[in-house]
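Colleague: Let me give you the structure first, and then I'll get to my questions.
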There are 2 protein chains.
Amino acid sequence: MSGGLDSAVTLYYAKNAGYKCLCLGFDYGQRHLRELECAKELCRRAKAEFQLIKFAMPWKGSALLDKKIGVTSHLPAGRQARSQVTSKIPNTYVSARNIIFLSFALSCAETVKAEKIFIGAHSQDYSGYPDCRPEFYRSFAKVVKSGTKAGVENKPVAVETPLLYKFKSDIIKMGIRLRVPFELTWSCYKGGKRPCNECDSCAYRKKGFKEAGIADPAI
Amino acid sequence: MSGGLDSAVTLYYAKNAGYKCLCLGFDYGQRHLRELECAKELCRRAKAEFQLIKFAMPWKGSALLDKKIGVTSHLPAGRQARSQVTSKIPNTYVSARNIIFLSFALSCAETVKAEKIFIGAHSQDYSGYPDCRPEFYRSFAKVVKSGTKAGVENKPVAVETPLLYKFKSDIIKMGIRLRVPFELTWSCYKGGKRPCNECDSCAYRKKGFKEAGIADPAI
């Protein structure tokens, strides 16, 4: 639960499907720590439990972790699928971030006997992070199967990615239907008082609301 | 780098193979935190860098995390391969522990441009944890390939498991050849002043030294 609009829509999707939700938020030293305040508030509003996991990634190497590295933007033109990644991965990439998040979620889910993990990753108009793509989620399912007690007992925790093939505008429309309080979400990578309107995350959000024909209530 | 004998042998194995090593130690609230002092000392002795990663796993659910749960022993009789797990997994199982550790190691390795991750998991006379088995490491390699920038660029970080098919006695003999200072290692799950000599970890260690025909210098 990042506090951004994808995780907010995912929470409301799971809630709407009848699940009792326990949300994990991660403080990994990101410059936009502000998002976690939004995550907590979103959970409070959705009556979902929120648990904060805090750790440092002392190796930094990402613009999200190291303020000496400027956040660059690389939004590709047009509404195109981004199946090719590699050289286009921007400097906000935090190596293995979703792998770490999912591993914690898996440990929690197996321990509290949760049926599913929901994650709001998507791979259409996104920043090109490898751990947001279907290939990655297919591999991770095999790790769940082979690397946990529930997995070897043929009751693996399922990882559900309801947004995986959706465009940002579709996610926004879905959120509107689910009555997601978008005014509480935070997307900007820079973590200032107001969204910067320049970083990839802001740009995708802006494009999404524009394409959905809806005004962004957070602006 | 847990400070136990498997990770000590793995460190010396990597060092002996010519690698410059950066070791990650994890404080995840384990009752045998004492092992981390051993890990640090082992790294100092081996002239390897040591980095501590600290986080809480508030869902507990394991005897290693929750002092209210007693550490039970379930050492199987004889020198048998443990290809069947499931019901035999003891209550020291921490869900997804190696998955979490490897995810951090992967993030670190990709960021500092390390070639390999070494982990001292083994699946012969061990506690039956699913994330110590070859199947799990094969799946994790696919996660590395699909979920990281280096992976999609066809330069995935390799995960090497030099002890995977070895018995504890073989690991000890390997450590003797590599001049591992076994007197600095700590295996006991209970984390008292002296090893308890009862938990699985103590029992496997004792059995290993006995089968190797070597006296345990830590006792």
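Residue names in the structure tokens use chain letters A, B, ... in the order shown, residue numbers from 1 in each chain, and ligand numbers from 1 in the order shown.
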DSSP on the backbone, alpha helix (DSSP H) only: what residues of chain B does that give? Format it as a PyMOL selection string.
Modeller: chain B and resi 5-16+34-45+97-112+134-147+149-152+168-177+200-212
Colleague: Give me, as a JSON list (two decimals) with N, CA and C atoms, in the first residue's frame, the residues of chain A touching chain B, with the criterion being at most 8 Å (counting only C-alpha atoms).
Modeller:
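Below is the file that was written, iface.json:
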```json
[["chain", "number", "residue", "atom", "x", "y", "z"],
["A", 53, "ILE", "N", 6.15, -1.45, 7.54],
["A", 53, "ILE", "CA", 7.41, -2.19, 7.59],
["A", 53, "ILE", "C", 8.50, -1.18, 7.23],
["A", 54, "LYS", "N", 9.51, -1.12, 8.07],
["A", 54, "LYS", "CA", 10.53, -0.09, 7.88],
["A", 54, "LYS", "C", 11.90, -0.74, 7.77],
["A", 55, "PHE", "N", 12.64, -0.36, 6.77],
["A", 55, "PHE", "CA", 14.02, -0.84, 6.64],
["A", 55, "PHE", "C", 14.81, 0.15, 5.79],
["A", 56, "ALA", "N", 16.12, 0.04, 5.85],
["A", 56, "ALA", "CA", 16.97, 0.90, 5.03],
["A", 56, "ALA", "C", 17.55, 0.07, 3.90],
["A", 57, "MET", "N", 17.79, 0.70, 2.77],
["A", 57, "MET", "CA", 18.49, 0.05, 1.67],
["A", 57, "MET", "C", 19.78, 0.83, 1.48],
["A", 59, "TRP", "N", 22.43, 0.63, 0.07],
["A", 59, "TRP", "CA", 23.15, 0.68, -1.21],
["A", 59, "TRP", "C", 22.60, 1.75, -2.14],
["A", 60, "LYS", "N", 21.47, 2.35, -1.78],
["A", 60, "LYS", "CA", 20.85, 3.44, -2.57],
["A", 60, "LYS", "C", 20.83, 3.14, -4.09],
["A", 61, "GLY", "N", 21.42, 4.02, -4.92],
["A", 61, "GLY", "CA", 21.52, 3.74, -6.35],
["A", 61, "GLY", "C", 20.27, 4.09, -7.15],
["A", 85, "VAL", "N", 11.49, -3.39, -22.24],
["A", 85, "VAL", "CA", 11.99, -2.52, -21.18],
["A", 85, "VAL", "C", 13.48, -2.25, -21.39],
["A", 86, "THR", "N", 14.30, -2.64, -20.51],
["A", 86, "THR", "CA", 15.78, -2.49, -20.49],
["A", 86, "THR", "C", 16.22, -1.03, -20.52],
["A", 89, "ILE", "N", 14.45, 1.93, -18.73],
["A", 89, "ILE", "CA", 14.14, 1.96, -17.30],
["A", 89, "ILE", "C", 14.74, 3.24, -16.69],
["A", 94, "VAL", "N", 14.20, 1.17, -8.32],
["A", 94, "VAL", "CA", 14.82, 0.67, -7.09],
["A", 94, "VAL", "C", 14.92, -0.84, -7.29],
["A", 95, "SER", "N", 16.13, -1.32, -7.37],
["A", 95, "SER", "CA", 16.32, -2.74, -7.69],
["A", 95, "SER", "C", 15.55, -3.65, -6.73],
["A", 96, "ALA", "N", 14.79, -4.56, -7.31],
["A", 96, "ALA", "CA", 14.10, -5.63, -6.56],
["A", 96, "ALA", "C", 13.04, -5.12, -5.57],
["A", 97, "ARG", "N", 12.59, -3.89, -5.77],
["A", 97, "ARG", "CA", 11.65, -3.32, -4.80],
["A", 97, "ARG", "C", 10.38, -4.15, -4.63],
["A", 99, "ILE", "N", 9.97, -7.17, -5.42],
["A", 99, "ILE", "CA", 10.33, -8.51, -4.95],
["A", 99, "ILE", "C", 10.43, -8.48, -3.42],
["A", 100, "ILE", "N", 11.05, -7.45, -2.89],
["A", 100, "ILE", "CA", 11.14, -7.29, -1.43],
["A", 100, "ILE", "C", 9.74, -7.11, -0.84],
["A", 103, "SER", "N", 7.84, -10.32, -0.89],
["A", 103, "SER", "CA", 8.37, -11.32, 0.04],
["A", 103, "SER", "C", 7.83, -11.06, 1.44],
["A", 104, "PHE", "N", 7.80, -9.80, 1.84],
["A", 104, "PHE", "CA", 7.23, -9.46, 3.14],
["A", 104, "PHE", "C", 5.74, -9.81, 3.15],
["A", 106, "LEU", "N", 4.23, -12.00, 1.45],
["A", 106, "LEU", "CA", 4.09, -13.45, 1.45],
["A", 106, "LEU", "C", 4.29, -14.01, 2.85],
["A", 107, "SER", "N", 5.31, -13.52, 3.54],
["A", 107, "SER", "CA", 5.58, -13.97, 4.90],
["A", 107, "SER", "C", 4.38, -13.66, 5.79],
["A", 108, "CYS", "N", 3.87, -12.45, 5.66],
["A", 108, "CYS", "CA", 2.71, -12.03, 6.45],
["A", 108, "CYS", "C", 1.50, -12.89, 6.09],
["A", 110, "GLU", "N", 1.18, -15.84, 4.63],
["A", 110, "GLU", "CA", 1.23, -17.25, 5.04],
["A", 110, "GLU", "C", 1.03, -17.36, 6.56],
["A", 111, "THR", "N", 1.63, -16.42, 7.30],
["A", 111, "THR", "CA", 1.56, -16.50, 8.76],
["A", 111, "THR", "C", 0.15, -16.23, 9.29],
["A", 112, "VAL", "N", -0.50, -15.22, 8.74],
["A", 112, "VAL", "CA", -1.85, -14.90, 9.24],
["A", 112, "VAL", "C", -2.92, -15.72, 8.51],
["A", 129, "TYR", "N", 9.43, -0.57, -15.02],
["A", 129, "TYR", "CA", 10.11, -1.39, -14.02],
["A", 129, "TYR", "C", 9.88, -2.87, -14.32],
["A", 130, "PRO", "N", 10.95, -3.67, -14.35],
["A", 130, "PRO", "CA", 10.79, -5.09, -14.69],
["A", 130, "PRO", "C", 9.84, -5.83, -13.75],
["A", 131, "ASP", "N", 9.83, -5.45, -12.47],
["A", 131, "ASP", "CA", 8.99, -6.19, -11.50],
["A", 131, "ASP", "C", 7.54, -5.70, -11.48],
["A", 132, "CYS", "N", 7.12, -5.08, -12.58],
["A", 132, "CYS", "CA", 5.71, -4.75, -12.76],
["A", 132, "CYS", "C", 5.12, -5.53, -13.93],
["A", 133, "ARG", "N", 5.87, -6.44, -14.52],
["A", 133, "ARG", "CA", 5.42, -7.13, -15.74],
["A", 133, "ARG", "C", 4.85, -8.52, -15.46],
["A", 135, "GLU", "N", 5.51, -11.38, -16.74],
["A", 135, "GLU", "CA", 6.56, -12.40, -16.65],
["A", 135, "GLU", "C", 7.05, -12.54, -15.21],
["A", 136, "PHE", "N", 7.24, -11.40, -14.57],
["A", 136, "PHE", "CA", 7.73, -11.42, -13.19],
["A", 136, "PHE", "C", 6.71, -12.09, -12.27],
["A", 139, "SER", "N", 6.77, -15.80, -12.56],
["A", 139, "SER", "CA", 7.91, -16.40, -11.87],
["A", 139, "SER", "C", 7.70, -16.38, -10.36],
["A", 140, "PHE", "N", 7.16, -15.27, -9.86],
["A", 140, "PHE", "CA", 7.00, -15.16, -8.41],
["A", 140, "PHE", "C", 6.04, -16.23, -7.89],
["A", 142, "LYS", "N", 5.82, -19.15, -8.84],
["A", 142, "LYS", "CA", 6.58, -20.40, -8.68],
["A", 142, "LYS", "C", 7.44, -20.38, -7.41],
["A", 143, "VAL", "N", 7.91, -19.18, -7.05],
["A", 143, "VAL", "CA", 8.65, -19.03, -5.80],
["A", 143, "VAL", "C", 7.72, -19.30, -4.61],
["A", 146, "SER", "N", 7.23, -23.09, -4.43],
["A", 146, "SER", "CA", 8.38, -23.91, -4.04],
["A", 146, "SER", "C", 9.02, -23.47, -2.73],
["A", 147, "GLY", "N", 8.79, -22.23, -2.32],
["A", 147, "GLY", "CA", 9.57, -21.69, -1.20],
["A", 147, "GLY", "C", 8.82, -21.48, 0.10],
["A", 148, "THR", "N", 7.55, -21.87, 0.15],
["A", 148, "THR", "CA", 6.80, -21.71, 1.41],
["A", 148, "THR", "C", 6.16, -23.03, 1.81],
["A", 149, "LYS", "N", 5.83, -23.12, 3.09],
["A", 149, "LYS", "CA", 5.18, -24.32, 3.63],
["A", 149, "LYS", "C", 3.81, -24.50, 2.95],
["A", 152, "VAL", "N", 4.32, -25.86, -0.63],
["A", 152, "VAL", "CA", 4.63, -27.28, -0.79],
["A", 152, "VAL", "C", 3.46, -28.16, -0.32],
["A", 153, "GLU", "N", 2.57, -27.57, 0.48],
["A", 153, "GLU", "CA", 1.36, -28.30, 0.89],
["A", 153, "GLU", "C", 0.20, -28.10, -0.09]]
```
Colleague: Hey, can you check how far CA of Leu178 in chain A sits from CA of Ala46 in chain A?
Modeller: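 Atom-to-atom, CA of Leu178 in chain A to CA of Ala46 in chain A, that is 11.2 Å.
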Colleague: Tell me, as a list of chain:residue names, which residues lie within 12 Å of Glu37 in chain A, counting only C-alpha atoms; anything in the same chain fewer than 6 positions away does not count.
Modeller: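 The residues satisfying every condition are A:Met1, A:Ser2, A:Gly3, A:Gly4, A:Gly25, A:Phe26, A:Asp27, A:Cys43, A:Arg44, A:Phe50, A:Leu52, A:Leu184, A:Thr185, A:Trp186, A:Gly191.
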Colleague: Residues within 9 Å of Gln30 in chain B, please, as a VMD selection string. Count only C-alpha atoms; anything in the same chain fewer than 4 positions from it doesn't count.
Modeller: chain B and resid 63 to 66 189 191
Colleague: Between B:Glu183, B:Glu115, B:Asp170, B:Glu211, which one has atoms that come closest to Ala8 in chain B, using only C-alpha atoms?
Modeller: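 Nearest candidate to Ala8 in chain B out of B:Glu183, B:Glu115, B:Asp170, B:Glu211: B:Glu183.
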Colleague: Report, in Å to a single decimal, how far apart CA of Glu35 in chain A and CA of Arg194 in chain A are.
Modeller: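 Calculated distance between CA of Arg194 in chain A and CA of Glu35 in chain A is 11.7 Å.
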Colleague: Would you pick out the contacts of Gly208 in chain A at 8 Å or less, using only C-alpha atoms, so that residues sharing its chain but fewer than 5 positions from it are not included, and give the list as a list in words?
Modeller: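 Contacts, in chain order: Phe167, Lys168, Ser169, Asp170 and Ile172 of chain A.
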Colleague: Next, dump the selected residues to file, keeping only N, CA and C atoms, as a PDB file, in the first residue's frame.
Modeller:
```
ATOM      1  N   PHE A 167      -4.637   0.226 -18.577  1.00  0.00           N
ATOM      2  CA  PHE A 167      -4.025   1.537 -18.747  1.00  0.00           C
ATOM      3  C   PHE A 167      -4.439   2.407 -17.562  1.00  0.00           C
ATOM      4  N   LYS A 168      -3.658   3.447 -17.321  1.00  0.00           N
ATOM      5  CA  LYS A 168      -3.918   4.313 -16.163  1.00  0.00           C
ATOM      6  C   LYS A 168      -5.346   4.862 -16.187  1.00  0.00           C
ATOM      7  N   SER A 169      -5.811   5.223 -17.370  1.00  0.00           N
ATOM      8  CA  SER A 169      -7.161   5.801 -17.448  1.00  0.00           C
ATOM      9  C   SER A 169      -8.219   4.762 -17.064  1.00  0.00           C
ATOM     10  N   ASP A 170      -7.964   3.492 -17.421  1.00  0.00           N
ATOM     11  CA  ASP A 170      -8.903   2.420 -17.040  1.00  0.00           C
ATOM     12  C   ASP A 170      -8.897   2.228 -15.524  1.00  0.00           C
ATOM     13  N   ILE A 172      -8.241   4.480 -13.322  1.00  0.00           N
ATOM     14  CA  ILE A 172      -8.956   5.623 -12.735  1.00  0.00           C
ATOM     15  C   ILE A 172     -10.472   5.430 -12.844  1.00  0.00           C
TER      16      ILE A 172
END
```
Colleague: Give me, please, the distance in Å between CA of Pro156 in chain B and CA of Phe118 in chain B, quoted to one decimal.
Modeller: 14.0 Å
Colleague: Check the smallest atom-to-atom distance from each of A:Arg177, A:Thr92, A:Lys47, A:Arg34 to Ile69 in chain A using only C-alpha atoms, then report the winner.
Modeller: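 Among A:Arg177, A:Thr92, A:Lys47, A:Arg34, it is A:Thr92 that comes nearest to Ile69 in chain A.
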Colleague: Please extract the residues of range 21-107 of chain B with a backbone DSSP assignment of strand (DSSP E or B) and present them as a list in words.
Modeller: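 Filtering range 21-107 of chain B to strand (DSSP E or B) leaves Leu22, Cys23, Leu24, Gly25, Phe26, Asp27, Glu49, Phe50, Gln51, Leu52, Ile53 and Lys54 of chain B.
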Colleague: Suppose we keep C-alpha atoms; can you now write the selection as an mmCIF file, in the first residue's frame?
Modeller:
```cif
data_model
loop_
_atom_site.group_PDB
_atom_site.id
_atom_site.type_symbol
_atom_site.label_atom_id
_atom_site.label_comp_id
_atom_site.auth_asym_id
_atom_site.auth_seq_id
_atom_site.Cartn_x
_atom_site.Cartn_y
_atom_site.Cartn_z
ATOM 1 C CA LEU B 22 30.013 -7.829 0.950
ATOM 2 C CA CYS B 23 27.982 -9.726 3.542
ATOM 3 C CA LEU B 24 24.451 -8.915 4.591
ATOM 4 C CA GLY B 25 23.303 -9.754 8.099
ATOM 5 C CA PHE B 26 19.622 -9.581 9.071
ATOM 6 C CA ASP B 27 18.138 -8.488 12.344
ATOM 7 C CA GLU B 49 32.448 -5.898 4.495
ATOM 8 C CA PHE B 50 29.394 -6.452 6.714
ATOM 9 C CA GLN B 51 26.118 -4.614 6.333
ATOM 10 C CA LEU B 52 23.253 -5.002 8.775
ATOM 11 C CA ILE B 53 19.648 -4.901 7.552
ATOM 12 C CA LYS B 54 17.103 -4.476 10.291
#
```
Colleague: Find the residues near Arg179 in chain A: any atom within 10 Å, counting only C-alpha atoms, skip ones fewer than 3 places away on the same chain, and give them as a ChimeraX atom specification.
Modeller: /A:9,12-13,173-176,182
